[in-house]
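Structure file protein.tsv; described as TSV, C-alpha atoms and all ligand atoms.
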```tsv
chain	number	residue	atom	x	y	z
A	89	MET	CA	194.04	-92.62	157.87
A	90	ALA	CA	196.12	-92.21	161.04
A	91	LEU	CA	196.04	-95.15	163.43
A	92	LYS	CA	194.17	-94.62	166.65
A	93	ARG	CA	194.38	-97.90	168.50
A	94	ILE	CA	196.53	-101.03	168.24
A	95	GLY	CA	195.39	-104.30	169.81
A	96	VAL	CA	198.00	-106.71	171.09
A	97	LEU	CA	197.55	-110.38	172.03
A	98	THR	CA	199.72	-113.41	172.79
A	99	GLY	CA	198.73	-116.90	171.63
A	100	GLY	CA	200.00	-120.48	171.92
A	101	GLY	CA	202.55	-121.71	174.46
A	102	ASP	CA	203.95	-118.92	176.61
A	103	ALA	CA	207.60	-117.95	176.23
A	104	PRO	CA	210.05	-115.57	177.88
A	105	GLY	CA	210.22	-112.46	175.70
A	106	LEU	CA	206.50	-111.89	175.28
A	107	ASN	CA	206.25	-109.21	177.97
A	108	PRO	CA	209.28	-107.27	176.69
A	109	ALA	CA	207.67	-107.29	173.22
A	110	ILE	CA	204.33	-106.02	174.59
A	111	ARG	CA	206.16	-103.30	176.49
A	112	ALA	CA	207.98	-102.22	173.32
A	113	VAL	CA	204.69	-102.07	171.39
A	114	VAL	CA	203.22	-99.83	174.09
A	115	TRP	CA	206.27	-97.57	174.30
A	116	LYS	CA	206.62	-97.07	170.56
A	117	ALA	CA	202.89	-96.53	170.14
A	118	ALA	CA	202.88	-93.95	172.95
A	119	GLU	CA	205.68	-92.06	171.22
A	120	LEU	CA	203.44	-91.79	168.17
A	121	GLY	CA	200.26	-90.95	170.08
A	122	ILE	CA	198.62	-94.35	169.39
A	123	GLU	CA	196.64	-96.15	172.11
A	124	VAL	CA	197.21	-99.82	172.87
A	125	THR	CA	194.60	-102.30	174.03
A	126	GLY	CA	195.75	-105.56	175.59
A	127	ILE	CA	193.54	-108.51	174.68
A	128	TYR	CA	193.41	-111.36	177.17
A	129	ASP	CA	194.10	-115.02	176.40
A	130	GLY	CA	195.03	-114.96	172.73
A	131	TRP	CA	192.36	-115.35	170.04
A	132	LYS	CA	189.90	-116.44	172.71
A	133	GLY	CA	189.91	-112.84	173.96
A	134	LEU	CA	188.34	-111.62	170.72
A	135	LEU	CA	185.40	-114.00	170.79
A	136	ASP	CA	181.92	-113.05	171.97
A	137	GLY	CA	181.66	-113.15	175.73
A	138	TYR	CA	185.40	-112.67	176.23
A	139	CYS	CA	186.12	-109.40	174.51
A	140	ASP	CA	184.08	-107.38	176.98
A	141	GLU	CA	187.14	-107.31	179.18
A	142	THR	CA	190.31	-105.79	177.73
A	143	TRP	CA	193.29	-103.98	179.25
A	144	PRO	CA	194.27	-100.43	178.23
A	145	LEU	CA	198.06	-100.45	178.34
A	146	ASP	CA	200.21	-97.40	178.95
A	147	VAL	CA	203.89	-96.67	179.43
A	148	GLU	CA	203.84	-96.58	183.24
A	149	LEU	CA	201.80	-99.77	183.52
A	150	VAL	CA	204.22	-101.81	181.39
A	151	ARG	CA	207.43	-100.15	182.62
A	152	TYR	CA	208.79	-103.28	184.35
A	153	TRP	CA	207.25	-105.90	182.05
A	154	ASP	CA	210.61	-106.41	180.35
A	155	LEU	CA	211.66	-108.27	183.49
A	156	ASP	CA	208.78	-110.75	183.40
A	157	GLY	CA	208.58	-114.22	181.94
A	158	GLY	CA	205.37	-115.65	180.49
A	159	THR	CA	202.72	-113.26	179.28
A	160	ARG	CA	200.79	-110.82	181.42
A	161	LEU	CA	198.02	-110.90	178.84
A	162	GLY	CA	197.50	-114.64	179.20
A	163	SER	CA	197.39	-117.10	176.33
A	164	SER	CA	195.29	-119.87	174.83
A	165	ARG	CA	195.38	-122.34	171.99
A	166	THR	CA	191.98	-121.16	170.72
A	167	ASN	CA	191.54	-121.27	166.96
A	168	PRO	CA	188.69	-118.96	165.90
A	169	PHE	CA	188.51	-120.75	162.54
A	170	ASN	CA	187.89	-124.04	164.32
A	171	HIS	CA	186.09	-122.97	167.47
A	172	LYS	CA	184.37	-125.44	169.72
A	173	LYS	CA	181.41	-124.36	171.82
A	174	ASP	CA	178.66	-126.46	173.36
A	175	GLY	CA	180.07	-129.54	171.63
A	176	GLU	CA	179.90	-127.92	168.18
A	177	LYS	CA	182.76	-126.82	165.97
A	178	PHE	CA	182.40	-123.74	163.80
A	179	ASP	CA	184.19	-120.85	162.14
A	180	ALA	CA	184.02	-117.91	164.57
A	181	SER	CA	186.35	-115.61	162.64
A	182	ASP	CA	183.56	-113.14	161.84
A	183	GLN	CA	183.07	-112.68	165.59
A	184	VAL	CA	186.75	-111.70	165.87
A	185	ILE	CA	186.41	-109.17	163.06
A	186	ALA	CA	183.22	-107.68	164.50
A	187	ASN	CA	184.72	-107.46	167.98
A	188	LEU	CA	187.85	-105.71	166.73
A	189	LYS	CA	185.56	-103.11	165.23
A	190	LYS	CA	183.56	-102.85	168.44
A	191	LEU	CA	186.76	-102.29	170.43
A	192	GLY	CA	187.89	-99.56	168.03
A	193	ILE	CA	191.05	-101.50	167.17
A	194	ASP	CA	192.31	-100.55	163.75
A	195	ALA	CA	195.51	-102.60	163.80
A	196	LEU	CA	196.27	-105.90	165.48
A	197	VAL	CA	199.65	-107.24	166.65
A	198	PRO	CA	199.39	-110.93	167.52
A	199	ILE	CA	202.53	-112.43	169.05
A	200	GLY	CA	202.80	-116.15	168.55
A	201	GLY	CA	204.00	-119.18	166.70
A	202	GLU	CA	202.83	-121.17	163.73
A	203	ASP	CA	199.22	-121.47	164.92
A	204	THR	CA	198.68	-117.90	166.14
A	205	LEU	CA	200.31	-116.41	163.06
A	206	GLY	CA	198.42	-118.87	160.84
A	207	VAL	CA	195.19	-117.40	162.20
A	208	ALA	CA	196.62	-113.90	161.64
A	209	ALA	CA	197.32	-114.74	157.98
A	210	LYS	CA	193.75	-115.95	157.49
A	211	LEU	CA	192.31	-112.86	159.15
A	212	PHE	CA	194.49	-110.68	156.94
A	213	ALA	CA	192.99	-112.46	153.94
A	214	LYS	CA	189.61	-111.41	155.32
A	215	GLY	CA	190.67	-107.75	155.48
A	216	VAL	CA	192.05	-107.40	159.04
A	217	GLN	CA	195.01	-105.00	159.40
A	218	VAL	CA	197.52	-107.23	161.11
A	219	VAL	CA	201.29	-107.40	161.76
A	220	GLY	CA	202.65	-110.49	163.55
A	221	ILE	CA	205.59	-111.03	165.89
A	222	PRO	CA	207.29	-114.46	165.94
A	223	LYS	CA	207.49	-116.31	169.23
A	224	THR	CA	208.20	-119.91	170.18
A	225	ILE	CA	210.84	-121.72	172.17
A	226	ASP	CA	210.85	-124.26	169.30
A	227	LYS	CA	212.41	-121.73	166.85
A	228	ASP	CA	210.61	-123.56	164.07
A	229	LEU	CA	209.01	-120.67	162.16
A	230	GLY	CA	210.01	-119.94	158.58
A	231	GLY	CA	211.12	-116.49	157.44
A	232	THR	CA	213.05	-115.54	160.58
A	233	ASP	CA	216.27	-116.56	162.30
A	234	TYR	CA	214.83	-115.80	165.72
A	235	THR	CA	211.62	-116.45	167.60
A	236	LEU	CA	211.09	-114.97	171.07
A	237	GLY	CA	211.75	-117.35	173.92
A	238	PHE	CA	214.34	-119.59	172.29
A	239	ASP	CA	217.41	-118.14	173.97
A	240	THR	CA	216.01	-118.19	177.50
A	241	SER	CA	214.66	-121.68	177.08
A	242	MET	CA	217.92	-122.95	175.61
A	243	ARG	CA	219.77	-121.57	178.63
A	244	THR	CA	217.36	-123.24	181.04
A	245	CYS	CA	217.66	-126.58	179.25
A	246	ALA	CA	221.46	-126.31	179.05
A	247	ASP	CA	221.61	-125.54	182.75
A	248	ILE	CA	219.67	-128.68	183.68
A	249	ILE	CA	221.58	-130.84	181.22
A	250	GLU	CA	224.81	-129.58	182.77
A	251	ARG	CA	223.49	-130.25	186.28
A	252	SER	CA	222.54	-133.78	185.24
A	253	ARG	CA	226.18	-134.63	184.69
A	254	THR	CA	227.19	-134.71	188.35
A	255	PRO	CA	224.51	-137.14	189.67
A	256	ALA	CA	224.95	-139.29	186.58
A	257	GLY	CA	228.74	-139.21	187.04
A	258	SER	CA	228.58	-139.98	190.75
A	259	HIS	CA	226.17	-142.91	190.31
A	260	HIS	CA	227.46	-144.14	186.94
A	261	TRP	CA	224.19	-144.03	185.09
A	262	VAL	CA	222.81	-142.75	181.82
A	263	GLN	CA	220.70	-139.66	182.37
A	264	VAL	CA	218.11	-139.09	179.67
A	265	VAL	CA	216.80	-135.51	179.45
A	266	GLU	CA	213.69	-134.92	177.35
A	267	VAL	CA	213.27	-131.39	176.02
A	268	MET	CA	210.45	-129.71	174.10
A	269	GLY	CA	210.58	-128.45	170.54
A	270	ARG	CA	207.74	-130.34	168.91
A	271	HIS	CA	208.99	-131.42	165.43
A	272	ALA	CA	212.11	-129.26	165.48
A	273	GLY	CA	215.35	-130.23	167.20
A	274	HIS	CA	216.90	-126.76	167.63
A	275	LEU	CA	216.28	-126.56	171.36
A	276	ALA	CA	217.57	-130.07	172.02
A	277	LEU	CA	220.58	-129.83	169.75
A	278	TRP	CA	222.00	-126.53	170.96
A	279	SER	CA	221.17	-126.95	174.63
A	280	GLY	CA	222.66	-130.43	174.38
A	281	LEU	CA	225.90	-128.97	173.04
A	282	ALA	CA	225.97	-126.18	175.63
A	283	GLY	CA	225.14	-128.51	178.51
A	284	GLY	CA	227.61	-131.23	177.57
A	285	ALA	CA	225.35	-134.05	176.36
A	286	PHE	CA	227.10	-137.12	174.94
A	287	ILE	CA	224.21	-137.89	172.57
A	288	THR	CA	221.39	-135.65	171.32
A	289	LEU	CA	218.46	-137.18	169.47
A	290	ILE	CA	216.36	-134.91	167.28
A	291	PRO	CA	213.13	-135.37	165.30
A	292	GLU	CA	214.84	-134.57	162.00
A	293	ALA	CA	217.02	-137.72	162.20
A	294	PRO	CA	215.27	-140.92	163.34
A	295	PHE	CA	217.77	-142.85	165.46
A	296	ASN	CA	218.98	-146.41	165.37
A	297	LEU	CA	218.39	-147.73	168.88
A	298	GLU	CA	221.11	-150.41	168.62
A	299	ARG	CA	223.66	-147.78	167.65
A	300	VAL	CA	222.64	-145.46	170.49
A	301	VAL	CA	222.97	-148.32	172.98
A	302	GLN	CA	226.32	-149.34	171.50
A	303	LEU	CA	227.73	-145.80	171.82
A	304	LEU	CA	226.62	-145.62	175.43
A	305	ASP	CA	227.93	-149.05	176.31
A	306	GLU	CA	231.33	-148.32	174.78
A	307	ARG	CA	231.66	-145.08	176.73
A	308	LEU	CA	230.58	-146.40	180.10
A	309	SER	CA	232.51	-149.68	179.73
A	310	ARG	CA	235.70	-147.77	179.03
A	311	GLY	CA	235.03	-145.66	182.12
A	312	LYS	CA	234.59	-148.82	184.16
A	313	ARG	CA	237.88	-150.29	182.90
A	314	ASP	CA	239.84	-147.09	183.35
A	315	ARG	CA	238.78	-144.46	185.90
A	316	ARG	CA	240.30	-141.64	183.88
A	317	PHE	CA	237.34	-141.90	181.52
A	318	PRO	CA	233.68	-141.04	182.20
A	319	ARG	CA	231.42	-143.80	183.47
A	320	TYR	CA	228.21	-141.85	182.81
A	321	ALA	CA	226.48	-140.18	179.93
A	322	VAL	CA	223.78	-137.61	179.38
A	323	VAL	CA	221.44	-138.20	176.47
A	324	VAL	CA	219.25	-135.32	175.39
A	325	ILE	CA	216.17	-136.34	173.47
A	326	SER	CA	213.77	-134.00	171.77
A	327	GLU	CA	210.13	-134.80	172.54
A	328	GLY	CA	209.48	-135.34	168.82
A	329	ALA	CA	212.46	-137.68	168.24
A	330	LEU	CA	211.69	-141.22	167.18
A	331	PRO	CA	213.53	-144.47	166.54
A	332	GLU	CA	213.90	-145.68	162.93
A	333	GLY	CA	210.62	-147.24	161.88
A	334	GLY	CA	209.01	-146.05	165.13
A	335	GLN	CA	206.42	-143.47	165.93
A	336	GLU	CA	206.27	-140.26	167.93
A	337	VAL	CA	205.22	-140.71	171.55
A	338	ASN	CA	202.24	-138.63	172.68
A	339	VAL	CA	201.00	-137.84	176.16
A	340	GLU	CA	197.43	-138.32	174.95
A	341	GLN	CA	195.73	-139.17	171.69
A	342	GLN	CA	193.57	-136.03	171.58
A	343	VAL	CA	194.62	-133.16	169.34
A	344	ASP	CA	194.12	-129.43	169.98
A	345	ALA	CA	192.13	-126.95	167.85
A	346	PHE	CA	195.10	-126.71	165.48
A	347	GLY	CA	195.40	-130.48	165.10
A	348	HIS	CA	198.50	-130.96	167.29
A	349	ALA	CA	198.93	-133.91	169.60
A	350	ARG	CA	200.78	-133.28	172.89
A	351	LEU	CA	204.17	-134.91	172.57
A	352	GLY	CA	205.99	-136.46	175.52
A	353	GLY	CA	207.25	-139.71	176.96
A	354	ILE	CA	209.99	-140.71	174.52
A	355	GLY	CA	212.66	-140.02	177.18
A	356	ALA	CA	211.17	-142.46	179.67
A	357	TRP	CA	210.85	-145.05	176.88
A	358	LEU	CA	214.51	-144.61	175.95
A	359	ALA	CA	215.68	-144.98	179.56
A	360	ASP	CA	213.70	-148.27	179.78
A	361	GLN	CA	215.38	-149.48	176.60
A	362	ILE	CA	218.84	-148.62	177.92
A	363	ARG	CA	218.18	-150.49	181.17
A	364	ALA	CA	216.80	-153.48	179.29
A	365	ARG	CA	219.59	-153.66	176.72
A	366	THR	CA	222.69	-152.86	178.80
A	367	SER	CA	224.02	-153.43	182.29
A	368	TRP	CA	223.80	-149.68	182.93
A	369	ASP	CA	221.20	-147.95	185.03
A	370	SER	CA	219.35	-145.12	183.41
A	371	ARG	CA	217.09	-142.29	184.66
A	372	ALA	CA	214.81	-140.05	182.68
A	373	VAL	CA	213.63	-136.53	183.29
A	374	ALA	CA	211.23	-134.57	181.08
A	375	LEU	CA	211.83	-130.87	181.53
A	376	GLY	CA	208.22	-130.00	180.73
A	377	HIS	CA	206.73	-126.55	181.01
A	378	PRO	CA	209.34	-125.02	183.37
A	379	GLN	CA	211.64	-124.90	180.34
A	380	ARG	CA	209.33	-122.15	179.04
A	381	GLY	CA	209.46	-120.33	182.37
A	382	GLY	CA	211.66	-117.80	184.09
A	383	VAL	CA	212.74	-114.26	183.36
A	384	PRO	CA	213.69	-113.44	179.78
A	385	SER	CA	217.41	-113.52	179.00
A	386	PRO	CA	219.07	-110.30	177.75
A	387	ILE	CA	218.75	-111.64	174.19
A	388	ASP	CA	215.00	-112.16	174.62
A	389	ARG	CA	214.62	-108.70	176.13
A	390	ILE	CA	216.54	-107.12	173.28
A	391	MET	CA	214.73	-109.12	170.60
A	392	GLY	CA	211.40	-108.35	172.28
A	393	HIS	CA	212.28	-104.66	172.19
A	394	LEU	CA	213.28	-104.80	168.51
A	395	PHE	CA	210.30	-106.91	167.42
A	396	GLY	CA	207.73	-104.86	169.37
A	397	THR	CA	209.10	-101.55	168.15
A	398	ALA	CA	209.28	-102.77	164.55
A	399	ALA	CA	205.69	-104.05	164.72
A	400	VAL	CA	204.38	-100.58	165.53
A	401	GLU	CA	206.53	-99.05	162.80
A	402	ALA	CA	205.13	-101.61	160.37
A	403	CYS	CA	201.57	-100.73	161.42
A	404	VAL	CA	202.28	-97.06	160.79
A	405	GLN	CA	203.65	-97.95	157.36
A	406	GLY	CA	200.54	-100.01	156.65
A	407	ALA	CA	202.62	-103.17	156.09
A	408	TRP	CA	199.62	-105.42	156.70
A	409	GLY	CA	199.87	-109.17	156.47
A	410	LYS	CA	203.54	-109.13	157.44
A	411	MET	CA	205.55	-110.73	160.23
A	412	ILE	CA	208.54	-109.05	161.84
A	413	SER	CA	211.63	-111.13	161.09
A	414	ALA	CA	215.27	-111.19	162.09
A	415	ARG	CA	218.36	-112.07	160.12
A	416	GLY	CA	221.00	-112.94	162.70
A	417	ILE	CA	220.53	-112.54	166.41
A	418	ALA	CA	220.91	-109.43	168.57
A	419	PRO	CA	222.91	-107.33	168.73
A	420	ALA	CA	224.18	-108.14	165.22
A	421	CYS	CA	220.84	-108.58	163.53
A	422	THR	CA	218.78	-106.98	160.85
A	423	ILE	CA	215.09	-106.61	161.47
A	424	GLY	CA	212.78	-106.83	158.48
A	425	LEU	CA	209.37	-107.91	157.29
A	426	GLN	CA	208.20	-111.17	155.75
A	427	PRO	CA	204.75	-112.12	154.51
A	428	LEU	CA	202.89	-113.92	157.31
A	429	GLU	CA	202.60	-117.01	155.09
A	430	GLU	CA	206.40	-117.36	155.14
A	431	ALA	CA	206.21	-118.06	158.86
A	432	THR	CA	203.71	-120.83	158.47
A	433	LYS	CA	204.47	-122.24	154.99
A	434	GLY	CA	206.95	-124.83	156.19
A	435	LEU	CA	208.66	-125.54	159.48
A	436	ASN	CA	212.20	-124.35	160.03
A	437	LEU	CA	213.97	-127.57	160.98
A	438	VAL	CA	217.55	-128.44	161.89
A	439	ASP	CA	219.75	-128.60	158.80
A	440	VAL	CA	220.97	-132.13	159.44
A	441	ALA	CA	223.58	-132.16	156.66
A	442	ARG	CA	225.17	-129.03	158.10
A	443	HIS	CA	224.78	-129.35	161.85
A	444	TYR	CA	224.32	-132.99	162.83
A	445	ASN	CA	226.59	-135.99	163.01
A	446	LEU	CA	224.46	-139.01	162.12
A	447	GLU	CA	227.16	-141.47	163.27
A	448	ARG	CA	227.57	-140.05	166.78
A	449	TYR	CA	224.13	-138.46	167.20
A	450	GLN	CA	225.49	-135.08	168.25
A	451	VAL	CA	226.31	-131.66	166.84
A	452	SER	CA	228.56	-131.93	163.81
A	453	ARG	CA	232.25	-131.22	164.36
A	454	HIS	CA	232.47	-129.93	160.81
A	455	VAL	CA	231.85	-126.20	160.93
A	456	LEU	CA	233.56	-124.40	158.06
A	457	GLY	CA	231.92	-124.79	154.62
B	1	LIG	O1	205.34	-124.79	170.95
B	1	LIG	C1	205.85	-124.64	172.22
B	1	LIG	C2	205.69	-125.93	173.01
B	1	LIG	O2	206.28	-125.72	174.29
B	1	LIG	C3	206.27	-127.16	172.33
B	1	LIG	O3	207.66	-127.26	172.48
B	1	LIG	C4	205.51	-128.25	173.04
B	1	LIG	O4	205.41	-129.42	172.25
B	1	LIG	C5	204.15	-127.63	173.22
B	1	LIG	O5	204.32	-126.24	173.19
B	1	LIG	C6	203.48	-128.04	174.51
B	1	LIG	O6	202.17	-127.61	174.48
B	1	LIG	P1	201.28	-127.29	175.77
B	1	LIG	O7	201.83	-126.05	176.37
B	1	LIG	O8	199.92	-127.06	175.22
B	1	LIG	O9	201.40	-128.45	176.68
```
Transcribe the structure of this file into structure tokens.
Amino acid sequence: MALKRIGVLTGGGDAPGLNPAIRAVVWKAAELGIEVTGIYDGWKGLLDGYCDETWPLDVELVRYWDLDGGTRLGSSRTNPFNHKKDGEKFDASDQVIANLKKLGIDALVPIGGEDTLGVAAKLFAKGVQVVGIPKTIDKDLGGTDYTLGFDTSMRTCADIIERSRTPAGSHHWVQVVEVMGRHAGHLALWSGLAGGAFITLIPEAPFNLERVVQLLDERLSRGKRDRRFPRYAVVVISEGALPEGGQEVNVEQQVDAFGHARLGGIGAWLADQIRARTSWDSRAVALGHPQRGGVPSPIDRIMGHLFGTAAVEACVQGAWGKMISARGIAPACTIGLQPLEEATKGLNLVDVARHYNLERYQVSRHVLG
């Protein structure tokens, strides 16, 4: 049966690239005579009491959305399979299914990360016609080389890392920059390289604090003895990085509806350790949510266009239960389909053996095979 209406929603942390993807869904659907309904605030928008308000999207309305960061549809970390209302937790997935029917939505395109697409996979198992689009600045989803938001966020992080070098150089201190990424170090590692970090600490490789301090002390001491050399350093630390034998640092103990704690604070801890263990001053900055902000980079606009367009094509083909995936990054990429479970089966982490130097705590200088 021909599709009449596609629903689109964005879930989890926002990311630059979401609006270009929504726009592409709307444009491709319009070409095929399919209506698109925007659902507000992720899975929350399909629960009773929320789904009464939706947004009919058309080509003219979304014309300039490719230029916007964040998500115009809003987002949430609501998990309909573990919904909390009036102090009680319950499975509200049947509400979602009933409300999709009520809204006349015969295909759903959720755009999100591990959690949002995990819900999509479970709904597919319950008969919902769904095609997912991968998004997260963490780039930690399986089954795809690209997730929307990574490129823009990496640029933002690299920019601040680079800017950290001049104050640190002028004042001769160690600047610690904490970046997001949850349990994956992609964002830290590559923005660290691009921004000129001396050390980058990632969750995939617990670090030896003594060795980190030794590397820093050697570098700054040489700079003090001989002014031709740098008497500062920038250390990038991923929020999920941890010292050997240590534990992740969380902002709070509570976990969200998907069981995730909010990471944060390891950078400030490291700066304290550097001050306590060396004669060097150290400052810490956590980049926080602004690293998810700003207008999408050209790569995120292009990938949003490709992912959104492919999602509608997949709906037309009836490729339910799939996620749009990329091999390579635009413009030299191939767009394909992967089962939704691939995205959520296991995290895509930094290949330490290939990309990381465990002696110097930075990107490997061994590139060819
Ligand atoms: O998954 C994206 C992300 O930005 C992670 O890098 C970070 O750990 C988390 O979301 C922060 O969550 P919140 O936006 O709920 O504070």
Per residue of segment 198-228 of chain A within 12 Å of segment 389-395 of chain A, note the shortest atom pair and the distance in Å to one decimal, counting all atoms listed in the file, and order the rows by chain and increasing residue number, as JSON lines.
```
{"residue": "A:Pro198", "atom": "CA", "partner": "A:Phe395", "partner_atom": "CA", "distance": 11.6}
{"residue": "A:Ile199", "atom": "CA", "partner": "A:Phe395", "partner_atom": "CA", "distance": 9.7}
{"residue": "A:Gly200", "atom": "CA", "partner": "A:Phe395", "partner_atom": "CA", "distance": 12.0}
{"residue": "A:Val219", "atom": "CA", "partner": "A:Phe395", "partner_atom": "CA", "distance": 10.7}
{"residue": "A:Gly220", "atom": "CA", "partner": "A:Phe395", "partner_atom": "CA", "distance": 9.3}
{"residue": "A:Ile221", "atom": "CA", "partner": "A:Phe395", "partner_atom": "CA", "distance": 6.4}
{"residue": "A:Pro222", "atom": "CA", "partner": "A:Phe395", "partner_atom": "CA", "distance": 8.3}
{"residue": "A:Lys223", "atom": "CA", "partner": "A:Gly392", "partner_atom": "CA", "distance": 9.4}
```
Report as a PyMOL selection string all protein, DNA and RNA residues lying within 10 Å of segment 435-452 of chain A, evaluated on all atoms listed in the file, omitting residues in the same chain fewer than 3 positions from it.
chain A and resi 202+226-233+271-275+277-278+280-281+285-296+299-300+303+323-324+430-432+455-457
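Residues in contact with ligand LIG 1 (chain B) (atom pairs separated by at most 7 Å; all atoms listed in the file) are Gly100, Gly101, Thr224, Ile225, Asp226, Met268, Gly269, Arg270, Arg350, Leu351, His377 and Arg380 of chain A.
Atom CA of Cys421 of chain A is found 28.1 Å from atom CA of Gly130 of chain A.
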If you count all atoms listed in the file, which residues fall within 9 Å of Val96 of chain A, apart from same-chain ones fewer than 2 positions away, as an MDAnalysis selection string?
chainID A and resid 94 98 110 113 124:128 130 161 195:199
Saved selection, atoms kept: C-alpha atoms, as an mmCIF file, in the coordinates of the input:
```cif
data_model
loop_
_atom_site.group_PDB
_atom_site.id
_atom_site.type_symbol
_atom_site.label_atom_id
_atom_site.label_comp_id
_atom_site.auth_asym_id
_atom_site.auth_seq_id
_atom_site.Cartn_x
_atom_site.Cartn_y
_atom_site.Cartn_z
ATOM 1 C CA ILE A 94 196.530 -101.030 168.240
ATOM 2 C CA THR A 98 199.720 -113.410 172.790
ATOM 3 C CA ILE A 110 204.330 -106.020 174.590
ATOM 4 C CA VAL A 113 204.690 -102.070 171.390
ATOM 5 C CA VAL A 124 197.210 -99.820 172.870
ATOM 6 C CA THR A 125 194.600 -102.300 174.030
ATOM 7 C CA GLY A 126 195.750 -105.560 175.590
ATOM 8 C CA ILE A 127 193.540 -108.510 174.680
ATOM 9 C CA TYR A 128 193.410 -111.360 177.170
ATOM 10 C CA GLY A 130 195.030 -114.960 172.730
ATOM 11 C CA LEU A 161 198.020 -110.900 178.840
ATOM 12 C CA ALA A 195 195.510 -102.600 163.800
ATOM 13 C CA LEU A 196 196.270 -105.900 165.480
ATOM 14 C CA VAL A 197 199.650 -107.240 166.650
ATOM 15 C CA PRO A 198 199.390 -110.930 167.520
ATOM 16 C CA ILE A 199 202.530 -112.430 169.050
#
```
Separation of atom CA of Tyr320 of chain A and atom CA of Gly353 of chain A, in Å?
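So the answer is 21.9 Å.
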Could you pull the residues within 8 Å of Val267 of chain A, counting all atoms listed in the file, minus those fewer than 2 positions along the same chain, as an MDAnalysis selection string?
chainID A and resid 245 265 269 275:276 324:327 374:376 379
From (210.5, -104.3, 177.3), in the file's coordinates, out to 9 Å: which residues are reached, counting only C-alpha atoms? Answer as a VMD selection string.
chain A and resid 105 to 113 115 150 to 155 389 to 390 392 to 393 396
Can you write just those residues out, C-alpha atoms, as a PDB file, in the frame of the given file?
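Wrote again29.pdb, looks like this:
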```pdb
ATOM      1  CA  GLY A 105     210.220-112.460 175.700  1.00  0.00           C
ATOM      2  CA  LEU A 106     206.500-111.890 175.280  1.00  0.00           C
ATOM      3  CA  ASN A 107     206.250-109.210 177.970  1.00  0.00           C
ATOM      4  CA  PRO A 108     209.280-107.270 176.690  1.00  0.00           C
ATOM      5  CA  ALA A 109     207.670-107.290 173.220  1.00  0.00           C
ATOM      6  CA  ILE A 110     204.330-106.020 174.590  1.00  0.00           C
ATOM      7  CA  ARG A 111     206.160-103.300 176.490  1.00  0.00           C
ATOM      8  CA  ALA A 112     207.980-102.220 173.320  1.00  0.00           C
ATOM      9  CA  VAL A 113     204.690-102.070 171.390  1.00  0.00           C
ATOM     10  CA  TRP A 115     206.270 -97.570 174.300  1.00  0.00           C
ATOM     11  CA  VAL A 150     204.220-101.810 181.390  1.00  0.00           C
ATOM     12  CA  ARG A 151     207.430-100.150 182.620  1.00  0.00           C
ATOM     13  CA  TYR A 152     208.790-103.280 184.350  1.00  0.00           C
ATOM     14  CA  TRP A 153     207.250-105.900 182.050  1.00  0.00           C
ATOM     15  CA  ASP A 154     210.610-106.410 180.350  1.00  0.00           C
ATOM     16  CA  LEU A 155     211.660-108.270 183.490  1.00  0.00           C
ATOM     17  CA  ARG A 389     214.620-108.700 176.130  1.00  0.00           C
ATOM     18  CA  ILE A 390     216.540-107.120 173.280  1.00  0.00           C
ATOM     19  CA  GLY A 392     211.400-108.350 172.280  1.00  0.00           C
ATOM     20  CA  HIS A 393     212.280-104.660 172.190  1.00  0.00           C
ATOM     21  CA  GLY A 396     207.730-104.860 169.370  1.00  0.00           C
TER      22      GLY A 396
END
```
How big is the axis-aligned box around all listed atoms of segment 186-191 of chain A once 6 Å goes on each side, and where's its centre, in Å to one decimal, as AutoDock Vina command-line options?
```
--center_x 185.5 --center_y -105.0 --center_z 167.5 --size_x 16.6 --size_y 17.4 --size_z 17.9
```
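Here atom CA of Ala399 of chain A and atom CA of Gly95 of chain A stand 11.5 Å from one another.
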Compare A:Trp368, A:Trp131, A:Trp408, A:Phe317 by their minimum atom-to-atom distance to Asn187 of chain A, counting all atoms listed in the file, and give me the closest one.
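The closest residue to Asn187 of chain A is A:Trp131.
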Quick one: residues within 9 Å of (196.4, -111.1, 160.3) (file frame), counting all atoms listed in the file, please, as a PDB file with C-alpha atoms, in the frame of the given file.
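Wrote result.pdb, looks like this:
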```
ATOM      1  CA  LEU A 196     196.270-105.900 165.480  1.00  0.00           C
ATOM      2  CA  VAL A 197     199.650-107.240 166.650  1.00  0.00           C
ATOM      3  CA  PRO A 198     199.390-110.930 167.520  1.00  0.00           C
ATOM      4  CA  LEU A 205     200.310-116.410 163.060  1.00  0.00           C
ATOM      5  CA  GLY A 206     198.420-118.870 160.840  1.00  0.00           C
ATOM      6  CA  VAL A 207     195.190-117.400 162.200  1.00  0.00           C
ATOM      7  CA  ALA A 208     196.620-113.900 161.640  1.00  0.00           C
ATOM      8  CA  ALA A 209     197.320-114.740 157.980  1.00  0.00           C
ATOM      9  CA  LYS A 210     193.750-115.950 157.490  1.00  0.00           C
ATOM     10  CA  LEU A 211     192.310-112.860 159.150  1.00  0.00           C
ATOM     11  CA  PHE A 212     194.490-110.680 156.940  1.00  0.00           C
ATOM     12  CA  ALA A 213     192.990-112.460 153.940  1.00  0.00           C
ATOM     13  CA  LYS A 214     189.610-111.410 155.320  1.00  0.00           C
ATOM     14  CA  GLY A 215     190.670-107.750 155.480  1.00  0.00           C
ATOM     15  CA  VAL A 216     192.050-107.400 159.040  1.00  0.00           C
ATOM     16  CA  GLN A 217     195.010-105.000 159.400  1.00  0.00           C
ATOM     17  CA  VAL A 218     197.520-107.230 161.110  1.00  0.00           C
ATOM     18  CA  VAL A 219     201.290-107.400 161.760  1.00  0.00           C
ATOM     19  CA  GLY A 220     202.650-110.490 163.550  1.00  0.00           C
ATOM     20  CA  TRP A 408     199.620-105.420 156.700  1.00  0.00           C
ATOM     21  CA  GLY A 409     199.870-109.170 156.470  1.00  0.00           C
ATOM     22  CA  LYS A 410     203.540-109.130 157.440  1.00  0.00           C
ATOM     23  CA  LEU A 428     202.890-113.920 157.310  1.00  0.00           C
TER      24      LEU A 428
END
```
